[in-house]
$ cat entry-v1.txt   # compact mmCIF, C-alpha atoms and all ligand atoms
# COMPACT_ATOMS: atom_id res chain seq x y z
CA MET A 1 8.21 -40.18 49.72
CA ASP A 2 6.58 -42.82 51.96
CA ILE A 3 3.07 -42.72 50.45
CA PRO A 4 2.56 -44.13 46.93
CA TRP A 5 1.79 -41.32 44.47
CA HIS A 6 -1.65 -42.79 43.65
CA ASP A 7 -2.64 -42.54 47.34
CA ILE A 8 -2.08 -38.79 47.54
CA ARG A 9 -5.40 -37.18 48.38
CA SER A 10 -4.40 -33.91 50.01
CA VAL A 11 -2.35 -31.28 48.20
CA ALA A 12 -1.59 -27.68 49.13
CA VAL A 13 0.11 -25.12 46.90
CA LEU A 14 1.71 -21.84 47.94
CA THR A 15 2.37 -19.41 45.12
CA GLY A 16 4.21 -16.11 44.97
CA ALA A 17 5.00 -13.40 42.46
CA GLY A 18 7.32 -15.67 40.44
CA ILE A 19 4.41 -17.73 39.09
CA SER A 20 3.09 -14.62 37.35
CA ALA A 21 6.50 -13.39 36.15
CA GLU A 22 6.17 -15.16 32.80
CA SER A 23 2.76 -13.52 32.39
CA GLY A 24 4.49 -10.14 32.57
CA VAL A 25 3.68 -9.22 36.19
CA PRO A 26 6.78 -7.83 37.95
CA THR A 27 8.05 -9.64 41.05
CA PHE A 28 9.09 -7.73 44.19
CA ARG A 29 12.61 -8.84 45.04
CA GLY A 30 14.20 -10.17 41.87
CA GLU A 31 16.61 -8.39 39.54
CA ASP A 32 13.76 -6.49 37.87
CA GLY A 33 11.65 -6.57 41.03
CA LEU A 34 9.48 -3.66 42.14
CA TRP A 35 11.52 -3.13 45.32
CA ARG A 36 14.57 -2.32 43.16
CA THR A 37 12.85 0.82 41.88
CA TYR A 38 10.38 1.60 44.66
CA ARG A 39 10.79 1.58 48.43
CA ALA A 40 8.31 -0.73 50.16
CA GLU A 41 8.16 1.70 53.11
CA ASP A 42 6.95 4.49 50.76
CA LEU A 43 4.22 2.43 49.11
CA ALA A 44 3.21 -0.74 50.92
CA THR A 45 2.68 0.28 54.53
CA PRO A 46 -0.28 1.92 56.32
CA ASP A 47 2.02 4.83 57.25
CA ALA A 48 2.86 5.43 53.59
CA PHE A 49 -0.85 5.59 52.75
CA CYS A 50 -1.54 8.02 55.61
CA ARG A 51 1.36 10.22 54.52
CA ASP A 52 0.65 10.30 50.80
CA PRO A 53 -2.47 8.43 49.62
CA HIS A 54 -2.12 10.01 46.19
CA LEU A 55 1.34 8.51 45.63
CA VAL A 56 0.20 5.10 46.83
CA TRP A 57 -2.94 5.14 44.66
CA GLU A 58 -0.89 6.23 41.63
CA TRP A 59 1.38 3.22 42.13
CA TYR A 60 -1.55 0.82 42.48
CA ASP A 61 -3.29 2.38 39.47
CA TRP A 62 -0.14 1.81 37.40
CA ARG A 63 0.10 -1.80 38.55
CA ARG A 64 -3.63 -2.43 37.92
CA GLY A 65 -3.16 -1.18 34.35
CA LEU A 66 -0.15 -3.41 33.85
CA ILE A 67 -1.83 -6.52 35.32
CA ALA A 68 -5.02 -5.90 33.31
CA GLY A 69 -2.98 -6.60 30.19
CA CYS A 70 -1.53 -9.89 31.53
CA ARG A 71 -2.88 -13.38 30.91
CA PRO A 72 -2.40 -16.57 32.96
CA ASN A 73 0.50 -18.77 31.85
CA ALA A 74 0.95 -22.55 31.70
CA ALA A 75 1.76 -22.74 35.42
CA HIS A 76 -1.52 -21.06 36.44
CA ARG A 77 -3.40 -23.31 34.00
CA THR A 78 -1.74 -26.48 35.31
CA LEU A 79 -2.83 -25.66 38.86
CA ALA A 80 -6.39 -25.00 37.68
CA HIS A 81 -6.34 -28.40 36.00
CA MET A 82 -4.85 -30.16 39.06
CA GLU A 83 -7.60 -28.77 41.30
CA ARG A 84 -10.12 -31.09 39.60
CA ARG A 85 -8.00 -34.16 40.29
CA PHE A 86 -7.74 -34.00 44.11
CA ASP A 87 -10.35 -34.48 46.86
CA ASP A 88 -8.53 -32.08 49.14
CA TRP A 89 -6.89 -29.24 47.25
CA THR A 90 -5.90 -25.81 48.60
CA LEU A 91 -4.31 -23.15 46.45
CA ILE A 92 -2.84 -20.47 48.68
CA THR A 93 -1.49 -17.39 46.94
CA GLN A 94 0.38 -14.32 48.10
CA ASN A 95 -0.43 -12.71 44.76
CA VAL A 96 -2.99 -9.97 44.38
CA ASP A 97 -3.21 -10.19 40.57
CA GLY A 98 -6.21 -12.54 40.17
CA LEU A 99 -4.45 -14.64 37.51
CA HIS A 100 -5.21 -17.96 39.25
CA GLN A 101 -8.94 -17.22 39.08
CA LEU A 102 -8.58 -16.13 35.45
CA ALA A 103 -6.88 -19.46 34.67
CA GLY A 104 -9.93 -21.30 36.06
CA SER A 105 -8.90 -22.07 39.65
CA ARG A 106 -12.17 -22.13 41.56
CA SER A 107 -11.01 -21.96 45.10
CA VAL A 108 -8.13 -19.60 45.86
CA VAL A 109 -6.99 -18.53 49.34
CA GLU A 110 -5.75 -14.96 48.90
CA LEU A 111 -3.36 -14.26 51.77
CA HIS A 112 -2.46 -10.70 50.73
CA GLY A 113 -5.82 -9.61 49.29
CA SER A 114 -6.62 -8.52 45.76
CA ILE A 115 -5.60 -5.51 43.72
CA TRP A 116 -9.08 -5.71 42.11
CA ARG A 117 -10.87 -4.93 45.39
CA MET A 118 -11.08 -1.72 47.38
CA ARG A 119 -12.09 -1.16 50.94
CA CYS A 120 -13.32 1.76 53.01
CA THR A 121 -10.68 3.27 55.31
CA GLN A 122 -13.49 3.67 57.88
CA GLU A 123 -14.51 0.02 57.29
CA CYS A 124 -18.18 1.02 56.98
CA GLN A 125 -18.85 -1.87 54.59
CA THR A 126 -17.23 -5.03 53.23
CA PRO A 127 -14.62 -4.66 50.44
CA TRP A 128 -15.97 -4.31 46.91
CA GLU A 129 -14.67 -5.27 43.48
CA ASP A 130 -13.55 -2.45 41.19
CA ARG A 131 -11.82 -3.28 37.92
CA THR A 132 -11.75 0.24 36.50
CA VAL A 133 -8.52 0.84 34.62
CA PRO A 134 -7.21 3.48 34.79
CA LEU A 135 -8.84 4.99 37.86
CA SER A 136 -9.97 8.53 37.29
CA MET A 137 -7.83 10.61 39.63
CA ALA A 138 -8.05 13.86 37.69
CA GLY A 139 -7.51 16.97 39.83
CA GLY A 140 -6.19 14.85 42.69
CA ALA A 141 -9.48 12.98 43.23
CA LEU A 142 -8.94 9.62 44.91
CA PRO A 143 -11.21 6.55 45.01
CA ARG A 144 -13.95 6.95 47.63
CA CYS A 145 -16.21 4.55 49.46
CA PRO A 146 -19.54 4.51 47.56
CA ASN A 147 -21.39 4.07 50.87
CA CYS A 148 -19.95 6.74 53.19
CA GLY A 149 -17.67 8.81 50.93
CA SER A 150 -14.52 8.16 52.99
CA LEU A 151 -11.21 7.52 51.32
CA ALA A 152 -10.96 4.04 49.81
CA ARG A 153 -7.77 1.97 49.82
CA PRO A 154 -6.64 -1.11 47.91
CA ASP A 155 -7.84 -4.30 49.66
CA VAL A 156 -4.31 -5.66 49.97
CA VAL A 157 -2.15 -6.49 52.99
CA TRP A 158 0.67 -4.04 53.65
CA PHE A 159 3.69 -4.60 55.88
CA GLY A 160 2.75 -4.48 59.54
CA GLU A 161 -0.89 -5.36 58.83
CA SER A 162 -2.60 -8.59 59.82
CA LEU A 163 -3.54 -11.06 57.15
CA PRO A 164 -7.27 -11.76 56.62
CA GLY A 165 -8.12 -14.14 59.47
CA GLU A 166 -10.22 -16.59 57.48
CA ALA A 167 -7.60 -16.93 54.73
CA LEU A 168 -4.78 -17.45 57.22
CA THR A 169 -6.77 -20.07 59.14
CA ALA A 170 -7.58 -21.95 55.92
CA ALA A 171 -3.93 -21.77 54.78
CA LEU A 172 -2.59 -23.00 58.09
CA ALA A 173 -5.09 -25.89 58.23
CA ALA A 174 -4.13 -26.92 54.68
CA ALA A 175 -0.42 -26.78 55.53
CA GLN A 176 -1.06 -28.99 58.56
CA ARG A 177 -3.02 -31.71 56.77
CA CYS A 178 -1.52 -31.83 53.26
CA GLN A 179 0.54 -34.81 52.11
CA VAL A 180 2.25 -32.82 49.37
CA MET A 181 2.97 -29.09 49.25
CA LEU A 182 4.11 -27.29 46.12
CA VAL A 183 5.86 -23.97 46.69
CA VAL A 184 6.02 -22.03 43.46
CA GLY A 185 7.68 -18.69 42.71
CA THR A 186 8.09 -17.22 46.16
CA SER A 187 11.25 -15.87 47.78
CA ALA A 188 9.88 -17.39 51.03
CA VAL A 189 10.93 -14.43 53.16
CA VAL A 190 7.65 -12.68 53.94
CA GLN A 191 5.91 -13.89 57.07
CA PRO A 192 3.62 -15.51 57.93
CA ALA A 193 3.31 -17.05 54.42
CA ALA A 194 6.94 -18.22 54.51
CA SER A 195 6.19 -20.39 57.55
CA LEU A 196 3.52 -22.46 55.80
CA PRO A 197 5.96 -24.84 54.04
CA LEU A 198 7.79 -25.26 57.36
CA VAL A 199 4.53 -26.26 59.02
CA ALA A 200 3.90 -28.76 56.21
CA LEU A 201 7.43 -30.17 56.55
CA ARG A 202 7.03 -30.55 60.32
CA ARG A 203 3.78 -32.47 59.75
CA GLY A 204 5.53 -34.88 57.39
CA ALA A 205 4.43 -33.52 54.01
CA TYR A 206 6.56 -33.94 50.89
CA VAL A 207 7.56 -30.39 49.89
CA VAL A 208 8.50 -29.43 46.35
CA GLU A 209 9.94 -26.02 45.51
CA ILE A 210 9.82 -24.61 41.98
CA ASN A 211 11.99 -21.52 41.66
CA PRO A 212 14.96 -20.62 39.42
CA GLN A 213 16.69 -19.08 42.47
CA PRO A 214 17.58 -20.52 45.87
CA THR A 215 15.43 -19.48 48.84
CA PRO A 216 15.59 -20.10 52.61
CA LEU A 217 13.34 -23.12 51.94
CA SER A 218 15.62 -24.78 49.37
CA ASP A 219 17.79 -26.69 51.84
CA THR A 220 14.86 -28.33 53.62
CA ALA A 221 12.48 -29.02 50.70
CA HIS A 222 12.43 -32.65 49.52
CA GLU A 223 12.61 -31.69 45.87
CA VAL A 224 13.88 -28.46 44.31
CA ILE A 225 13.28 -27.63 40.67
CA ARG A 226 15.43 -24.67 39.65
CA GLU A 227 13.46 -23.60 36.62
CA PRO A 228 10.78 -21.12 35.65
CA ALA A 229 7.32 -22.29 36.69
CA ALA A 230 5.61 -22.13 33.27
CA SER A 231 7.82 -24.92 31.94
CA ALA A 232 8.62 -26.79 35.19
CA LEU A 233 5.13 -27.12 36.64
CA PRO A 234 3.36 -28.70 33.61
CA ARG A 235 6.26 -31.15 33.27
CA TRP A 236 6.26 -32.00 36.98
CA TRP A 237 2.50 -32.68 36.80
CA GLN A 238 2.99 -34.94 33.78
CA THR A 239 5.63 -36.90 35.69
CA TRP A 240 3.23 -37.27 38.64
CA GLN A 241 0.50 -38.60 36.36
CA ARG A 242 2.95 -41.06 34.78
CA ARG A 243 4.01 -42.28 38.26
CA VAL A 244 0.35 -42.82 39.16
CA THR A 245 -0.36 -44.79 35.97
CA VAL A 246 2.76 -46.92 36.33
CA GLY A 247 1.93 -47.41 40.05
C1 LIG B 1 10.17 -17.38 39.69
C2 LIG B 1 10.09 -17.02 38.34
C3 LIG B 1 9.48 -17.95 37.47
C4 LIG B 1 11.02 -15.39 39.40
N1 LIG B 1 9.04 -19.11 37.94
N2 LIG B 1 9.73 -18.53 40.14
C5 LIG B 1 8.57 -12.51 61.60
C6 LIG B 1 9.91 -12.24 61.43
C7 LIG B 1 10.33 -11.11 60.74
C8 LIG B 1 9.42 -10.20 60.23
C9 LIG B 1 8.08 -10.47 60.39
C10 LIG B 1 7.67 -11.59 61.07
N3 LIG B 1 6.29 -11.60 61.07
C11 LIG B 1 5.86 -10.52 60.42
C12 LIG B 1 6.93 -9.81 60.00
C13 LIG B 1 6.89 -8.53 59.23
C14 LIG B 1 6.60 -8.71 57.77
C15 LIG B 1 7.69 -9.55 57.12
O1 LIG B 1 7.51 -10.71 56.85
N4 LIG B 1 8.81 -8.95 56.80
C16 LIG B 1 9.91 -9.67 56.14
C17 LIG B 1 10.15 -9.07 54.77
C18 LIG B 1 11.11 -9.61 57.03
N5 LIG B 1 5.28 -9.29 57.56
C19 LIG B 1 4.19 -8.58 57.66
O2 LIG B 1 4.21 -7.40 57.97
C20 LIG B 1 2.87 -9.27 57.38
N6 LIG B 1 1.96 -9.01 58.44
C21 LIG B 1 2.02 -9.64 59.63
O3 LIG B 1 2.73 -10.60 59.81
O4 LIG B 1 1.20 -9.10 60.60
C22 LIG B 1 1.47 -9.40 61.96
C23 LIG B 1 2.81 -8.77 62.37
C24 LIG B 1 3.18 -7.52 61.91
C25 LIG B 1 4.39 -6.96 62.27
C26 LIG B 1 5.28 -7.68 63.09
C27 LIG B 1 4.90 -8.95 63.55
C28 LIG B 1 3.64 -9.49 63.18
C29 LIG B 1 2.23 -8.71 56.12
C30 LIG B 1 3.03 -8.98 54.89
C31 LIG B 1 2.38 -8.26 53.72
C32 LIG B 1 3.18 -8.37 52.44
N7 LIG B 1 2.65 -7.47 51.47
C33 LIG B 1 3.19 -7.49 50.12
C34 LIG B 1 2.46 -6.42 49.29
C35 LIG B 1 1.04 -6.91 48.95
C36 LIG B 1 0.25 -5.89 48.21
C37 LIG B 1 0.80 -5.57 46.85
O5 LIG B 1 1.00 -6.45 45.99
O6 LIG B 1 1.00 -4.39 46.63
O7 LIG B 1 2.99 -8.79 49.54
S1 LIG B 1 4.96 -7.28 50.05
C38 LIG B 1 5.23 -8.45 48.77
O8 LIG B 1 5.96 -9.60 49.29
C39 LIG B 1 3.85 -8.97 48.39
C40 LIG B 1 4.11 -10.43 48.15
O9 LIG B 1 2.91 -11.17 48.24
C41 LIG B 1 5.10 -10.75 49.24
C42 LIG B 1 5.90 -11.98 48.97
O10 LIG B 1 6.69 -11.85 47.85
P1 LIG B 1 6.86 -13.08 46.85
O11 LIG B 1 5.58 -13.47 46.28
O12 LIG B 1 7.66 -14.13 47.50
O13 LIG B 1 7.68 -12.38 45.65
P2 LIG B 1 9.26 -12.05 45.56
O14 LIG B 1 9.40 -11.02 44.53
O15 LIG B 1 9.85 -11.82 46.87
O16 LIG B 1 9.87 -13.42 45.01
C43 LIG B 1 9.60 -13.90 43.72
C44 LIG B 1 10.27 -15.25 43.58
O17 LIG B 1 9.91 -15.78 42.32
C45 LIG B 1 11.81 -15.17 43.60
O18 LIG B 1 12.30 -16.14 44.51
C46 LIG B 1 12.22 -15.52 42.16
O19 LIG B 1 13.43 -16.26 42.10
C47 LIG B 1 11.07 -16.35 41.71
N8 LIG B 1 10.82 -16.35 40.26
N9 LIG B 1 10.67 -15.79 38.12
C48 LIG B 1 9.21 -19.39 39.24
N10 LIG B 1 9.39 -17.69 36.10

$ encode --input "entry-v1.txt" --output "structure tokens" --more "lines below"
Ligand code: BJW
Amino acid sequence: MDIPWHDIRSVAVLTGAGISAESGVPTFRGEDGLWRTYRAEDLATPDAFCRDPHLVWEWYDWRRGLIAGCRPNAAHRTLAHMERRFDDWTLITQNVDGLHQLAGSRSVVELHGSIWRMRCTQECQTPWEDRTVPLSMAGGALPRCPNCGSLARPDVVWFGESLPGEALTAALAAAQRCQVMLVVGTSAVVQPAASLPLVALRRGAYVVEINPQPTPLSDTAHEVIREPAASALPRWWQTWQRRVTVG
């Protein structure tokens, strides 16, 4: 890297499902990933919700219950700690689980929404937080908008849907200006998130990937750490701090 470690002011991080794997949250594409058992087209598209909202809500209710029992791990905590150390810090996540916030990260750019928010299918009001677990769907009742009574849906981004504009703009700006980008626990195949490290690389950032498996990013990243995030990330941060102290 051209810039001395102690001169790094601007850091961006992109996280994916792998960072929460050691907390017990299933990933999507790995060996035990959700897409091995469930078809994305049946559950994570607007068409799927139109066809069978009950099936989709049952799946999200099951995942909400599972995630509610999970706690942040050392990787989430390290990022929360790092946030305090940098003037310009952007944590971009594709995860909907809320574990970064639970670990103490104050500013999190949620690219794919949150499983803990719902929104009105008629968009009569802004999304609202709902942490009820399990949802009461007795007799086929589905969550409704408290304002207009229309069907509610999870406030997450399904395939074919646009990402929240403000989050995408913030993520892109961070990718363009960061000096270092950490890419942790993502298969780097889902767009447009997967393009963010490429933007950072093009702008001259030093890109570090932490992932036990190779991804399309691995060949171009400057540093690849093929280990689980909960052990690799705290160690990588310690090494950084040592480099800064030594100069
Ligand atoms: C560990 C670990 C440990 C394990 N430590 N690591 C351009 C080209 C081609 C297609 C498209 C394109 N532009 C858009 C598209 C279509 C589509 C897309 O990208 N498809 C590709 C799959 C081909 N994108 C979209 O539709 C997006 N919308 C959009 O772009 O709108 C405009 C548009 C639409 C259509 C056409 C053109 C333009 C929206 C994407 C929404 C994704 N939604 C989901 C569900 C969210 C809600 C929910 O949770 O239910 O988001 S799908 C799922 O994938 C979820 C994730 O956020 C996302 C990414 O997955 P992630 O995080 O990378 O997880 P995994 O499981 O894939 O990987 C885990 C990794 O962790 C692995 O690598 C492991 O090795 C690793 N790991 N243990 C560290 N301990």

$ closest_residue --input "entry-v1.txt" --among "A:Glu123, A:Val157, A:Thr245, A:Asp42" --to "Asn95 of chain A" --atoms "all atoms listed in the file"
A:Val157

$ closest_residue --input "entry-v1.txt" --among "A:Ala74, A:Ala167, A:Ala44, A:Ile92" --to "ligand LIG 1 (chain B)" --atoms "only C-alpha atoms and all ligand atoms"
A:Ala44

$ residues_around --input "entry-v1.txt" --residues "segment 100-114 of chain A" --least-positions-apart "6" --cutoff "6 Å" --atoms "only C-alpha atoms" --output "list in words"
Pro72, His76, Arg77, Ala80, Leu91, Ile92, Thr93, Gln94, Asp155, Val156, Val157 and Ala167 of chain A

$ closest_residue --input "entry-v1.txt" --among "A:Pro143, A:Gly18, A:Pro164, A:Pro216" --to "ligand LIG 1 (chain B)" --atoms "only C-alpha atoms and all ligand atoms"
A:Gly18

$ residues_near_ligand --input "entry-v1.txt" --ligand "ligand LIG 1 (chain B)" --cutoff "8 Å" --atoms "all atoms listed in the file" --output "PyMOL selection string"
chain A and resi 15-22+26-30+33-34+40+43-44+60+93-97+111-115+156-163+184-194+210-215+227-230

$ atom_distance --input "entry-v1.txt" --atom1 "atom CA of Gln238 of chain A" --atom2 "atom CA of Leu196 of chain A"
25.3 Å

$ atom_distance --input "entry-v1.txt" --atom1 "atom CA of Glu223 of chain A" --atom2 "atom CA of Val208 of chain A"
4.7 Å

$ closest_residue --input "entry-v1.txt" --among "A:Leu99, A:Val244, A:Leu172, A:Leu55" --to "Ala141 of chain A" --atoms "only C-alpha atoms"
A:Leu55

$ closest_residue --input "entry-v1.txt" --among "A:Gly24, A:Pro4, A:Gly140, A:Gly165" --to "Gly65 of chain A" --atoms "all atoms listed in the file"
A:Gly24

$ residues_around --input "entry-v1.txt" --residues "Ala152 of chain A" --least-positions-apart "4" --cutoff "6 Å" --atoms "only C-alpha atoms" --output "count of residues only"
6

$ residues_around --input "entry-v1.txt" --residues "Trp128 of chain A" --least-positions-apart "2" --cutoff "8 Å" --atoms "all atoms listed in the file" --output "list of chain:residue names"
A:Arg117, A:Met118, A:Arg119, A:Thr126, A:Asp130

$ atom_distance --input "entry-v1.txt" --atom1 "atom CA of Val25 of chain A" --atom2 "atom CA of Val133 of chain A"
15.9 Å

$ closest_residue --input "entry-v1.txt" --among "A:Glu83, A:Thr132, A:Pro53, A:Arg71" --to "Leu151 of chain A" --atoms "all atoms listed in the file"
A:Pro53

$ residues_around --input "entry-v1.txt" --residues "Trp57 of chain A" --least-positions-apart "5" --cutoff "10 Å" --atoms "all atoms listed in the file" --output "ChimeraX atom specification"
/A:43,49,52,62-63,135,137,142-143,152-154
